[in-house]
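Worksheet for the structure shown next.
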Amino acid sequence: MTNKKFYIESYGCAMNFADSEIVNSILMENGNDPVEQPELADIILINTCSIRDNAETKIWNRLKFFRSIKRQNKNLTVGVLGCMAERVRERFLEREKLVDLVVGPDAYRQIPQLLEEVESGQKAVNVILSLEVTYADITPVRLGGNGVSAFVSIMRGCDNMCSFCVVPFTRGRERSRATDSILDEIKQLSDQGYKEVTVLGQNVNSFNDNGTRFADLMYKASLVDPEMRLRFSTSHPKDFPDELLHLINEQKNICNYIHIPAQSGNNEVLRRMRRPYTREQYLALLDNMRNIIPGVTLSTDIITGFCGETEEEHQDTLSLMDTVKFDMAYLFSYSERERTLAHRKFEDDVPADVKQRRLQEIIDVHRAGANERNQAEIGKRHLVLAENFSKRSENQLSGRTDSGKVVIFDKKSFKPGDYLEVVINEANSATLFGEALKLTSIREFEPELVTA
Ligand code: SAH
Ligand code: SF4
Ligand code: F3S
């Protein structure tokens with residue numbers, strides 16, 4: 001299938017957005033052209049997420065909207081990619097005839113062939129998961145990005161089997177991409193003028209390319225371009241070597257920000273979640289991070305209302321949030337997923353209104369802590385990479401500090417892609433506001449002395 005116009009819409013985590021860039025590349029290699037609106041397309045692809053029930057509801061609604069476009073254009077092909085394709089599979093084709101094509105995360109190379117099948121009047125499905133596919137040889141095509149920051153996938157799948165999580169079933173076994181292909185991609189991005197790369201995996205700390213571990217990879221990546229910022233996501237608390245913490249502290253272009261999901265502050269809940277660490281070990285790890293990397297910022301994920309969670313267990317999560325005072329946090333109500341261990345073994349027995357109330361309490365404690373940390377930024381200077389024009393005003397830019405905090409400031413004569421010295425003069429729990437003082441660079445910028 002060639003000379004078609006295609007449109008891709010992506011949902012879910014950064015890995016899905018990175019995968020859509022791989023699909024762009026595959027379709028464009030085959031002579032198809034991207035368009036920015038679904039109404040203009042011959043092929044609409046939706047890259048989906050299954051992590052919580054509401055993520056899937058959003059996709060079903062979107063598919064109904066695409067069907068309304070299909071009524072106007074009988075030749076339109078609608079395809080589902082990603083985690084929900086892997087989970088729902090053939091049932092997509094049966095339900096309300098919304099979809100012609102279903103492709104799981106490891107089968108994107110087959111999309112051109114599958115589109116041929118659709119064209120010849122068949123419904124096409126490939127949801128085979130692989131032990132090897134990493135798409136290492138495909139150069140992602142980054143459409144519609146800001147040209148400043150990019151995602152680079154370094155591994156696929158997950159072997160951790162946390163009892164609540166559908167990802168091991170939708171993404172398959174964990175596998176690492178070849179180190180050289182990762183470094184080559186970072187070099188290409190640097191040559192194209194990108195200033196920031198976030199390397200991605202469900203648990204980057206378990207990266208292992210024939211003995212090259214994550215810290216080795218980050219060290220090599222940090223040498224590619226000293227003016228290229230490096231971030232990484234996500235780290236699992238079960239394996240975070242000190243070596244990596246020292247590396248983050250030493251290499252100026254590896255950002256001082258760690259996303260380290262706790263999920264719960266209670267040991268019994270952690271055990272039921274199959275998260276192999278205790279609250280005490282988690283807190284000790286965070287202390288270690290703050291000691292080795294002065295000024296490091298920390299963020300977390302929390303699930304509230306997991307199977308059997310008592311009021312006391314919930315209180316432990318509140319006290320964890322209050323003790324750590326995370327700079328950022330992603331907070332969720334538990335949503336039961338089929339096939340997971342929790343679905344097979346436990347009962348989803350916390351009522352929806354209790355989940356909601358507990359979630360709100362966690363949000364409140366988090367906001368108070370984050371606000372306190374952000375107020376302490378007032379008066380400080382930061383190295384900010386300008387990334388985009390602010391959503392509120394074209395006269396303002398938004399960027400992030402090395403520590404990952406969003407800063408809004410007047411544009412003056414600066415532009416996205418500039419490294420700026422910014423002084424912070426206002427803050428709330430989610431955003432800093434400041435004034436850009438001058439252009440600078442990673443090497444030139446002198447950070448404030450931070451005492452731990
Ligand atoms: N691999 C990453 C995160 C993957 S999913 C990690 O291990 O940290 C992102 C977040 O979604 C998880 O950290 C978890 O907090 C949340 N999540 C996963 N499954 C969920 C479920 N069934 N219900 C609610 N939240 C869930
Ligand atoms: Fe899911 Fe756990 Fe794997 Fe993260 S580490 S993707 S939460 S199974
Ligand atoms: Fe969603 Fe799949 Fe990512 S379930 S969070 S898109 S790995």
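Going through the structure tokens in order, the chains are called A, B, and so on, while each chain numbers its residues from 1 and the ligands are numbered from 1 in the order shown.
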
Using only C-alpha atoms and all ligand atoms, what table do you get, as a Markdown table, when you list each residue of chain A with an atom no more than 7 Å from ligand 3, its nearest pair of atoms, and their distance in Å rounded to one decimal, rows by chain then rising number?
| residue | atom | partner | partner_atom_place_in_ligand_line | distance |
| --- | --- | --- | --- | --- |
| A:Tyr11 | CA | ligand 3 | 6 (S) | 6.7 |
| A:Gly12 | CA | ligand 3 | 6 (S) | 4.1 |
| A:Cys13 | CA | ligand 3 | 3 (Fe) | 4.1 |
| A:Ala14 | CA | ligand 3 | 3 (Fe) | 6.9 |
| A:Met15 | CA | ligand 3 | 3 (Fe) | 6.0 |
| A:Asn16 | CA | ligand 3 | 6 (S) | 5.3 |
| A:Thr48 | CA | ligand 3 | 6 (S) | 6.0 |
| A:Cys49 | CA | ligand 3 | 1 (Fe) | 3.6 |
| A:Ser50 | CA | ligand 3 | 4 (S) | 4.0 |
| A:Ile51 | CA | ligand 3 | 4 (S) | 4.0 |
| A:Gly82 | CA | ligand 3 | 6 (S) | 6.6 |
| A:Cys83 | CA | ligand 3 | 2 (Fe) | 4.6 |
| A:Val166 | CA | ligand 3 | 4 (S) | 6.4 |
| A:Val167 | CA | ligand 3 | 7 (S) | 5.3 |
| A:Thr170 | CA | ligand 3 | 2 (Fe) | 6.5 |
| A:Arg171 | CA | ligand 3 | 7 (S) | 6.4 |

Just-selected residues, N, CA, C and O atoms written as a short mmCIF file (atom, residue, chain, number, x, y, z; two decimals), in the first residue's frame:
data_model
loop_
_atom_site.label_atom_id
_atom_site.label_comp_id
_atom_site.auth_asym_id
_atom_site.auth_seq_id
_atom_site.Cartn_x
_atom_site.Cartn_y
_atom_site.Cartn_z
N TYR A 11 -1.86 7.68 22.60
CA TYR A 11 -2.29 7.78 24.01
C TYR A 11 -1.32 6.99 24.87
O TYR A 11 -0.56 6.17 24.35
N GLY A 12 -1.39 7.20 26.20
CA GLY A 12 -0.60 6.36 27.11
C GLY A 12 0.76 6.95 27.42
O GLY A 12 0.95 8.16 27.38
N CYS A 13 1.71 6.07 27.69
CA CYS A 13 3.00 6.53 28.19
C CYS A 13 3.92 6.95 27.05
O CYS A 13 3.62 6.75 25.87
N ALA A 14 5.07 7.50 27.43
CA ALA A 14 6.03 7.99 26.45
C ALA A 14 6.47 6.90 25.48
O ALA A 14 6.77 7.18 24.32
N MET A 15 6.46 5.65 25.94
CA MET A 15 6.89 4.57 25.05
C MET A 15 5.94 4.45 23.85
O MET A 15 6.36 4.12 22.75
N ASN A 16 4.68 4.72 24.07
CA ASN A 16 3.73 4.68 22.97
C ASN A 16 3.99 5.81 21.98
O ASN A 16 3.89 5.62 20.78
N THR A 48 -2.77 2.89 21.39
CA THR A 48 -3.63 2.86 22.57
C THR A 48 -2.95 2.40 23.85
O THR A 48 -1.91 1.74 23.82
N CYS A 49 -3.60 2.71 24.97
CA CYS A 49 -3.11 2.37 26.31
C CYS A 49 -4.18 1.58 27.06
O CYS A 49 -5.36 1.88 26.94
N SER A 50 -3.74 0.60 27.84
CA SER A 50 -4.66 -0.25 28.61
C SER A 50 -4.46 -0.14 30.10
O SER A 50 -5.01 -0.94 30.85
N ILE A 51 -3.67 0.82 30.54
CA ILE A 51 -3.18 0.77 31.93
C ILE A 51 -4.32 0.83 32.95
O ILE A 51 -4.27 0.17 33.98
N GLY A 82 -0.82 -0.74 19.60
CA GLY A 82 -0.43 -0.55 21.00
C GLY A 82 -1.03 -1.55 21.97
O GLY A 82 -1.48 -2.63 21.61
N CYS A 83 -1.06 -1.13 23.24
CA CYS A 83 -1.35 -2.05 24.34
C CYS A 83 -2.78 -2.58 24.31
O CYS A 83 -3.02 -3.74 24.60
N VAL A 166 -0.91 -4.41 33.84
CA VAL A 166 -1.21 -5.11 32.60
C VAL A 166 -0.03 -5.09 31.62
O VAL A 166 0.00 -5.85 30.66
N VAL A 167 0.95 -4.23 31.89
CA VAL A 167 2.03 -4.02 30.91
C VAL A 167 2.77 -5.31 30.51
O VAL A 167 3.01 -5.53 29.32
N THR A 170 0.74 -6.80 27.81
CA THR A 170 0.55 -6.08 26.55
C THR A 170 1.87 -5.83 25.83
O THR A 170 1.88 -5.63 24.62
N ARG A 171 2.96 -5.83 26.57
CA ARG A 171 4.25 -5.49 25.96
C ARG A 171 5.22 -6.67 25.94
O ARG A 171 6.30 -6.56 25.36
#

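Excluding Leu27 (chain A) itself and any same-chain residue fewer than 5 positions from it, the protein and nucleic acid residues within 9 Å of it, counting only C-alpha atoms, are Thr2, Phe6, Ile22, Asn32, Asp33, Pro34, Ile111 and Pro112 of chain A.
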
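Residues in contact with Ser181 (chain A) at up to 10 Å, not including ones fewer than 6 positions away on its chain and judged by only C-alpha atoms, are Tyr135, Ala136, Asp137, Ile138, Thr139, Ile154 and Lys187 of chain A.
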
With C-alpha atoms retained, write the just-selected residues as a PDB file, in the first residue's frame.
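Contents of part-v3.pdb, freshly written:
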ATOM      1  CA  TYR A 135      13.170  -1.806  16.173  1.00  0.00           C
ATOM      2  CA  ALA A 136      16.850  -0.864  16.684  1.00  0.00           C
ATOM      3  CA  ASP A 137      17.442  -0.381  12.942  1.00  0.00           C
ATOM      4  CA  ILE A 138      14.451   1.911  12.375  1.00  0.00           C
ATOM      5  CA  THR A 139      15.111   5.636  12.670  1.00  0.00           C
ATOM      6  CA  ILE A 154      16.273   1.643  25.042  1.00  0.00           C
ATOM      7  CA  LYS A 187      24.338  11.351  17.996  1.00  0.00           C
TER       8      LYS A 187
END

Each residue of chain A with at least one atom at most 7 Å from ligand 2 should appear once, together with its nearest atom pair and the corresponding distance in Å (one decimal); atoms considered: only C-alpha atoms and all ligand atoms; ordering: chain, then increasing residue number; output as CSV.
residue,atom,partner,partner_atom_place_in_ligand_line,distance
A:Cys158,CA,ligand 2,3 (Fe),4.8
A:Asp159,CA,ligand 2,3 (Fe),6.3
A:Asn160,CA,ligand 2,8 (S),4.7
A:Met161,CA,ligand 2,8 (S),4.2
A:Cys162,CA,ligand 2,8 (S),4.2
A:Cys165,CA,ligand 2,1 (Fe),4.5
A:Val166,CA,ligand 2,1 (Fe),6.4
A:Val167,CA,ligand 2,6 (S),5.1
A:Pro168,CA,ligand 2,8 (S),5.7
A:Gln202,CA,ligand 2,6 (S),5.0
A:Asn203,CA,ligand 2,5 (S),5.9
A:His236,CA,ligand 2,5 (S),6.4

Same residues, N, CA, C and O atoms, output as a PDB file, in the first residue's frame:
ATOM      1  N   CYS A 158       8.360  -5.843  29.918  1.00  0.00           N
ATOM      2  CA  CYS A 158       8.631  -5.784  31.354  1.00  0.00           C
ATOM      3  C   CYS A 158       8.464  -7.175  31.951  1.00  0.00           C
ATOM      4  O   CYS A 158       7.494  -7.872  31.644  1.00  0.00           O
ATOM      5  N   ASP A 159       9.428  -7.555  32.796  1.00  0.00           N
ATOM      6  CA  ASP A 159       9.374  -8.878  33.439  1.00  0.00           C
ATOM      7  C   ASP A 159       8.966  -8.790  34.907  1.00  0.00           C
ATOM      8  O   ASP A 159       9.040  -9.782  35.621  1.00  0.00           O
ATOM      9  N   ASN A 160       8.576  -7.611  35.365  1.00  0.00           N
ATOM     10  CA  ASN A 160       8.423  -7.461  36.816  1.00  0.00           C
ATOM     11  C   ASN A 160       7.127  -8.030  37.381  1.00  0.00           C
ATOM     12  O   ASN A 160       7.078  -8.402  38.542  1.00  0.00           O
ATOM     13  N   MET A 161       6.100  -8.068  36.571  1.00  0.00           N
ATOM     14  CA  MET A 161       4.865  -8.697  37.035  1.00  0.00           C
ATOM     15  C   MET A 161       4.347  -8.124  38.351  1.00  0.00           C
ATOM     16  O   MET A 161       3.947  -8.889  39.249  1.00  0.00           O
ATOM     17  N   CYS A 162       4.345  -6.820  38.490  1.00  0.00           N
ATOM     18  CA  CYS A 162       3.643  -6.210  39.628  1.00  0.00           C
ATOM     19  C   CYS A 162       2.189  -6.694  39.514  1.00  0.00           C
ATOM     20  O   CYS A 162       1.646  -6.753  38.406  1.00  0.00           O
ATOM     21  N   CYS A 165      -0.569  -4.821  37.365  1.00  0.00           N
ATOM     22  CA  CYS A 165      -0.179  -4.148  36.119  1.00  0.00           C
ATOM     23  C   CYS A 165      -0.349  -5.009  34.874  1.00  0.00           C
ATOM     24  O   CYS A 165       0.059  -6.164  34.820  1.00  0.00           O
ATOM     25  N   VAL A 166      -0.912  -4.412  33.843  1.00  0.00           N
ATOM     26  CA  VAL A 166      -1.211  -5.115  32.596  1.00  0.00           C
ATOM     27  C   VAL A 166      -0.029  -5.091  31.616  1.00  0.00           C
ATOM     28  O   VAL A 166       0.004  -5.852  30.658  1.00  0.00           O
ATOM     29  N   VAL A 167       0.952  -4.232  31.888  1.00  0.00           N
ATOM     30  CA  VAL A 167       2.031  -4.019  30.907  1.00  0.00           C
ATOM     31  C   VAL A 167       2.771  -5.309  30.508  1.00  0.00           C
ATOM     32  O   VAL A 167       3.012  -5.532  29.317  1.00  0.00           O
ATOM     33  N   PRO A 168       3.118  -6.191  31.454  1.00  0.00           N
ATOM     34  CA  PRO A 168       3.808  -7.421  31.022  1.00  0.00           C
ATOM     35  C   PRO A 168       2.980  -8.237  30.014  1.00  0.00           C
ATOM     36  O   PRO A 168       3.541  -8.964  29.196  1.00  0.00           O
ATOM     37  N   GLN A 202      10.398   0.461  30.696  1.00  0.00           N
ATOM     38  CA  GLN A 202       9.519   0.274  31.864  1.00  0.00           C
ATOM     39  C   GLN A 202      10.341   0.204  33.139  1.00  0.00           C
ATOM     40  O   GLN A 202       9.865   0.548  34.214  1.00  0.00           O
ATOM     41  N   ASN A 203      11.558  -0.290  33.032  1.00  0.00           N
ATOM     42  CA  ASN A 203      12.462  -0.285  34.175  1.00  0.00           C
ATOM     43  C   ASN A 203      13.884  -0.183  33.643  1.00  0.00           C
ATOM     44  O   ASN A 203      14.548  -1.191  33.416  1.00  0.00           O
ATOM     45  N   HIS A 236      12.882   1.430  38.782  1.00  0.00           N
ATOM     46  CA  HIS A 236      12.201   0.620  39.797  1.00  0.00           C
ATOM     47  C   HIS A 236      13.066   0.665  41.062  1.00  0.00           C
ATOM     48  O   HIS A 236      14.278   0.501  40.977  1.00  0.00           O
TER      49      HIS A 236
END

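A distance cut-off of 6 Å from ligand 1, applied to only C-alpha atoms and all ligand atoms, picks out the residues A:Ile51, A:Arg52, A:Phe164, A:Cys165, A:Gln202, A:Asn203, A:Thr234, A:His236, A:Pro261, A:Gln263, A:Asp301, A:Ile302, A:Ile303, A:Phe332, A:Ser333, A:Tyr334, A:Ser335, A:Glu336, A:Arg337.
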
Residue with the minimum atom-to-atom distance to Pro105 (chain A), picked from A:Glu132, A:Glu56, A:Asp287, A:Asp19 with only C-alpha atoms counted, is A:Asp19

Write out as a PyMOL selection string the set of residues from region 30-67 of chain A that DSSP, computed on the backbone, places in strand (DSSP E or B). chain A and resi 33-34+43-48

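Residues within 9 Å of Leu298 (chain A), counting only C-alpha atoms and excluding same-chain residues fewer than 5 positions away, are Asn256, Tyr257, Ile258, His259, Ile260, Leu286, Met289, Arg290, Val324, Lys325, Phe326, Asp327, Met328, Ala329 and Ser403 of chain A.
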
Could those selected residues go to a file with C-alpha atoms, as a CSV table (one decimal), in the first residue's frame?
chain,number,residue,atom,x,y,z
A,256,ASN,CA,19.4,15.7,38.6
A,257,TYR,CA,15.9,14.2,38.5
A,258,ILE,CA,14.7,10.7,39.3
A,259,HIS,CA,11.2,9.2,38.8
A,260,ILE,CA,11.0,6.4,41.3
A,286,LEU,CA,15.6,8.2,48.6
A,289,MET,CA,19.7,9.8,46.4
A,290,ARG,CA,19.4,13.1,48.2
A,324,VAL,CA,9.4,12.6,51.4
A,325,LYS,CA,7.6,15.7,49.9
A,326,PHE,CA,8.0,14.7,46.3
A,327,ASP,CA,8.6,17.4,43.8
A,328,MET,CA,6.2,15.8,41.4
A,329,ALA,CA,3.7,12.8,41.6
A,403,SER,CA,15.8,19.1,38.0

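The neighbours of Tyr194 (chain A) here are the residues that come within 8 Å of it, using only C-alpha atoms and leaving out any residue fewer than 6 positions away in the same chain; they are Gly147, Val148, Ser149, Ala150, Met228 and Gly417 of chain A.
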
I need the residue nearest Asn428 (chain A) from this list: A:Arg367, A:Lys4, A:Lys345, A:Arg231. Use only C-alpha atoms for the distance. A:Arg367

Give me, as a VMD selection string, the residues of region 269-343 of chain A that a backbone DSSP run labels helix (DSSP H, G or I). chain A and resid 269 to 272 279 to 292 311 to 324 341 to 343

Let's have the selection written as a tab-separated table (two decimals), in the first residue's frame, with N, CA and C atoms.
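Generated output (part07.tsv):
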chain	number	residue	atom	x	y	z
A	269	VAL	N	0.71	-3.79	51.66
A	269	VAL	CA	0.20	-3.48	50.32
A	269	VAL	C	1.30	-3.72	49.28
A	270	LEU	N	2.51	-3.30	49.60
A	270	LEU	CA	3.63	-3.52	48.66
A	270	LEU	C	3.80	-5.01	48.38
A	271	ARG	N	3.62	-5.81	49.45
A	271	ARG	CA	3.76	-7.26	49.28
A	271	ARG	C	2.66	-7.80	48.35
A	272	ARG	N	1.43	-7.34	48.59
A	272	ARG	CA	0.33	-7.78	47.70
A	272	ARG	C	0.54	-7.29	46.26
A	279	ARG	N	8.81	-0.18	52.71
A	279	ARG	CA	8.78	1.26	52.91
A	279	ARG	C	10.14	1.76	53.43
A	280	GLU	N	10.71	1.00	54.39
A	280	GLU	CA	11.98	1.42	55.00
A	280	GLU	C	13.10	1.42	53.96
A	281	GLN	N	13.13	0.37	53.13
A	281	GLN	CA	14.17	0.32	52.08
A	281	GLN	C	13.97	1.45	51.07
A	282	TYR	N	12.73	1.74	50.75
A	282	TYR	CA	12.43	2.81	49.80
A	282	TYR	C	12.91	4.16	50.35
A	283	LEU	N	12.57	4.41	51.63
A	283	LEU	CA	12.98	5.69	52.23
A	283	LEU	C	14.50	5.79	52.32
A	284	ALA	N	15.15	4.67	52.63
A	284	ALA	CA	16.63	4.68	52.72
A	284	ALA	C	17.22	4.97	51.34
A	285	LEU	N	16.61	4.40	50.29
A	285	LEU	CA	17.10	4.65	48.92
A	285	LEU	C	16.97	6.15	48.59
A	286	LEU	N	15.84	6.76	48.95
A	286	LEU	CA	15.64	8.18	48.65
A	286	LEU	C	16.61	9.07	49.44
A	287	ASP	N	16.88	8.69	50.69
A	287	ASP	CA	17.89	9.43	51.47
A	287	ASP	C	19.24	9.36	50.78
A	288	ASN	N	19.56	8.17	50.32
A	288	ASN	CA	20.81	7.97	49.63
A	288	ASN	C	20.89	8.84	48.38
A	289	MET	N	19.78	8.92	47.64
A	289	MET	CA	19.75	9.75	46.44
A	289	MET	C	19.99	11.21	46.80
A	290	ARG	N	19.31	11.67	47.86
A	290	ARG	CA	19.45	13.08	48.23
A	290	ARG	C	20.83	13.38	48.80
A	291	ASN	N	21.47	12.37	49.40
A	291	ASN	CA	22.82	12.59	49.92
A	291	ASN	C	23.85	12.63	48.81
A	292	ILE	N	23.72	11.70	47.87
A	292	ILE	CA	24.74	11.61	46.81
A	292	ILE	C	24.56	12.72	45.77
A	311	GLU	N	-7.85	1.44	55.97
A	311	GLU	CA	-7.64	2.85	56.28
A	311	GLU	C	-6.22	3.08	56.84
A	312	GLU	N	-5.74	2.14	57.67
A	312	GLU	CA	-4.39	2.27	58.26
A	312	GLU	C	-3.34	2.20	57.16
A	313	GLU	N	-3.55	1.28	56.23
A	313	GLU	CA	-2.58	1.14	55.13
A	313	GLU	C	-2.55	2.42	54.29
A	314	HIS	N	-3.72	2.98	54.07
A	314	HIS	CA	-3.80	4.26	53.34
A	314	HIS	C	-3.06	5.36	54.10
A	315	GLN	N	-3.22	5.38	55.43
A	315	GLN	CA	-2.52	6.39	56.24
A	315	GLN	C	-1.01	6.29	56.03
A	316	ASP	N	-0.51	5.08	55.86
A	316	ASP	CA	0.94	4.91	55.64
A	316	ASP	C	1.38	5.57	54.33
A	317	THR	N	0.52	5.52	53.32
A	317	THR	CA	0.87	6.20	52.06
A	317	THR	C	0.87	7.72	52.27
A	318	LEU	N	-0.13	8.21	53.01
A	318	LEU	CA	-0.16	9.66	53.30
A	318	LEU	C	1.11	10.07	54.03
A	319	SER	N	1.52	9.25	55.01
A	319	SER	CA	2.70	9.65	55.79
A	319	SER	C	3.96	9.54	54.95
A	320	LEU	N	3.99	8.58	54.01
A	320	LEU	CA	5.15	8.51	53.10
A	320	LEU	C	5.23	9.80	52.27
A	321	MET	N	4.09	10.23	51.74
A	321	MET	CA	4.08	11.45	50.91
A	321	MET	C	4.53	12.66	51.74
A	322	ASP	N	4.06	12.68	53.00
A	322	ASP	CA	4.39	13.81	53.86
A	322	ASP	C	5.87	13.79	54.25
A	323	THR	N	6.41	12.59	54.45
A	323	THR	CA	7.82	12.47	54.83
A	323	THR	C	8.74	12.88	53.68
A	324	VAL	N	8.43	12.36	52.47
A	324	VAL	CA	9.35	12.59	51.35
A	324	VAL	C	9.15	13.98	50.75
A	341	LEU	N	-2.22	-10.76	38.24
A	341	LEU	CA	-2.29	-11.60	39.44
A	341	LEU	C	-3.37	-11.09	40.40
A	342	ALA	N	-3.46	-9.77	40.53
A	342	ALA	CA	-4.46	-9.20	41.44
A	342	ALA	C	-5.87	-9.59	41.01
A	343	HIS	N	-6.10	-9.63	39.70
A	343	HIS	CA	-7.41	-10.00	39.17
A	343	HIS	C	-7.72	-11.46	39.49

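Across the model, the gap from CA of Leu245 (chain A) to CA of Leu331 (chain A) is 25.3 Å.
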
Within 10 Å of Glu446 (chain A) using only C-alpha atoms, minus same-chain residues under 6 positions, as a ChimeraX atom specification: /A:381-383,421,440

Expected file: the selected residues, C-alpha atoms, as a compact mmCIF listing (two decimals), in the first residue's frame:
# COMPACT_ATOMS: atom_id res chain seq x y z
CA ARG A 381 18.95 30.72 39.59
CA HIS A 382 18.45 27.70 37.34
CA LEU A 383 19.72 26.39 34.04
CA GLU A 421 19.90 31.30 33.15
CA THR A 440 24.19 30.18 28.77

Residue with smallest distance to Ser25 (chain A) - pool A:Leu129, A:Leu143, A:Val88, A:Cys255, counting only C-alpha atoms: A:Leu143

Excluding Lys355 (chain A) and residues on its chain fewer than 4 positions from it, collect all residues at most 8 Å away from it, counting only C-alpha atoms, and give them as number ranges by chain. A: 304-305, 333-334, 350-351, 359

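Minimum atom-to-atom distances from A:Asn30, A:Asn73, A:Thr297, A:Gln37 to Asp402 (chain A) were compared using only C-alpha atoms, and the lowest value belongs to A:Thr297.
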